[in-house]
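Trainee: Let me give you the structure first, and then I'll get to my questions.
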Amino acid sequence: MRMKPYDERDGYRVWLSGDELERLIETMYDKGGTSHRIAGRLGGHCGLRRDEASKSRPIDVVESHGECVLRVWEDQAKRDKYRETPIPQDLADQIRMIPEFKDQAVDDAVLDVSGKTINRWVKRACETLYADSGDEAWTYVTYHDLRRTWGTRMLESGVLPSVVMWHGGWDDWETFREHYLGEFSPAALARERSKVEWLGGESERREEQHVTTAAPPASGAQYRSD
């Protein structure tokens, strides 16, 4: 996990590793069931804001140019600031099936709770993870950090910044560049650390391996003193 202090207020921005993100989502499921897991995945796997996640509906899961996407309306009533974001196929299938198992229409919100409630779901799961691990960083995680982690992982996967901005709903290039293009995930930092010899990186291990596996000199070999 990586933390960085906010400039304008108390607290920390947090980036989760892939394993930490999945651990958080599964802890949300353990605490509250399927709806909590869906909420976590909408932030961590789709990049939604908490209020956007609270309004997502089965009818918003569609096929676009052969790919499954989630339609996102910043304001459902006004239908403004529309965008599409990729959604994992298994999550899309799960959301589409909800009306078949619940008494709700395809245009009803999947979660039917406020964004503040979704954030409380995250905080409650993080309290459990903190109690289990002793890692204080969990106490600073909010729902927005799932979205933050999503954006950074998309960039590190090679997705064009302009495409990440479109999928994530960012329209301010300067803000996006400052908060995302200059940031790194825990995985990226670990990868770069592995290049440093004195931190136990790959270069040092290769050098050690070369020393231990080098063939001994042949019997009777002559050595030069110079």
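Residue numbers start at 1 in each chain; chains themselves are named A, B, ... in the order of the structure tokens; ligands are numbered from 1 in the order shown.
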Report as a list in words all protein, DNA and RNA residues lying within 10 Å of A:Asp112, evaluated on only C-alpha atoms, omitting residues in the same chain fewer than 3 positions from it.

Mentor: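 My reading of the contact set: Ser35, Ala53, Ser54, Lys55, Ser56, Arg57, Asp108, Ala109, Gly115 and Thr117 of chain A.
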
Trainee: Can you list, as a ChimeraX atom specification, every protein, DNA or RNA residue that comes within 12 Å of A:Gln94 when you count only C-alpha atoms, leaving out same-chain residues fewer than 2 positions away?

Mentor: /A:34-35,37-38,41,57-58,61,87-92,96-101,110

Trainee: For A:Asp171, please output as an mmCIF file with C-alpha atoms, in the first residue's frame all residues within 10 Å (counting only C-alpha atoms; exclusion window: fewer than 5 positions along the same chain).

Mentor:
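Written file, selection_0.cif:
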```cif
data_model
loop_
_atom_site.group_PDB
_atom_site.id
_atom_site.type_symbol
_atom_site.label_atom_id
_atom_site.label_comp_id
_atom_site.auth_asym_id
_atom_site.auth_seq_id
_atom_site.Cartn_x
_atom_site.Cartn_y
_atom_site.Cartn_z
ATOM 1 C CA LYS A 81 -21.811 14.191 -18.596
ATOM 2 C CA SER A 162 -6.772 10.422 -22.887
ATOM 3 C CA MET A 165 -9.659 10.286 -18.757
ATOM 4 C CA TRP A 166 -12.669 9.405 -20.920
ATOM 5 C CA PHE A 176 -5.426 14.527 -14.098
#
```

Trainee: For A:Leu21, which residue among A:Met3, A:Leu146, A:Leu129, A:Leu42 is the nearest when counting only C-alpha atoms?

Mentor: A:Leu146

Trainee: Please provide as a count of residues only all residues within 12 Å of A:Gly43, with the sequence filter that same-chain residues fewer than 6 positions apart are discarded (counting only C-alpha atoms).

Mentor: 31

Trainee: One number please: atom CA of A:Gly18 to atom CA of A:Leu111, in Å, one decimal.

Mentor: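 That distance, rounded to one decimal, is 24.1 Å.
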
Trainee: One number please: atom CA of A:Glu156 to atom CA of A:Ser17, in Å, one decimal.

Mentor: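 Separating atom CA of A:Glu156 from atom CA of A:Ser17 is a distance of 12.3 Å.
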
Trainee: Just asking: which residues within stretch 37-226 of chain A are strand (DSSP E) according to DSSP, as a VMD selection string?

Mentor: chain A and resid 61 to 64 67 to 75 80 to 86

Trainee: Could you jot down the atom CA of A:Thr152 to atom CA of A:Phe184 separation for me, Å, one decimal place?

Mentor: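 Separating atom CA of A:Thr152 from atom CA of A:Phe184 is a distance of 6.6 Å.
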
Trainee: Which of these, A:Met28, A:Met154, A:Val141, A:Val163, has the shortest distance to A:Met1 once you count only C-alpha atoms?

Mentor: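 Once distances to A:Met1 are computed over only C-alpha atoms, the minimum belongs to A:Val141.
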
Trainee: So that I can see what lies close to A:Pro5, please list as a PyMOL selection string the residues with an atom at most 12 Å from it, counting only C-alpha atoms and leaving out residues fewer than 6 positions away in the same chain.

Mentor: chain A and resi 11-15+137+140
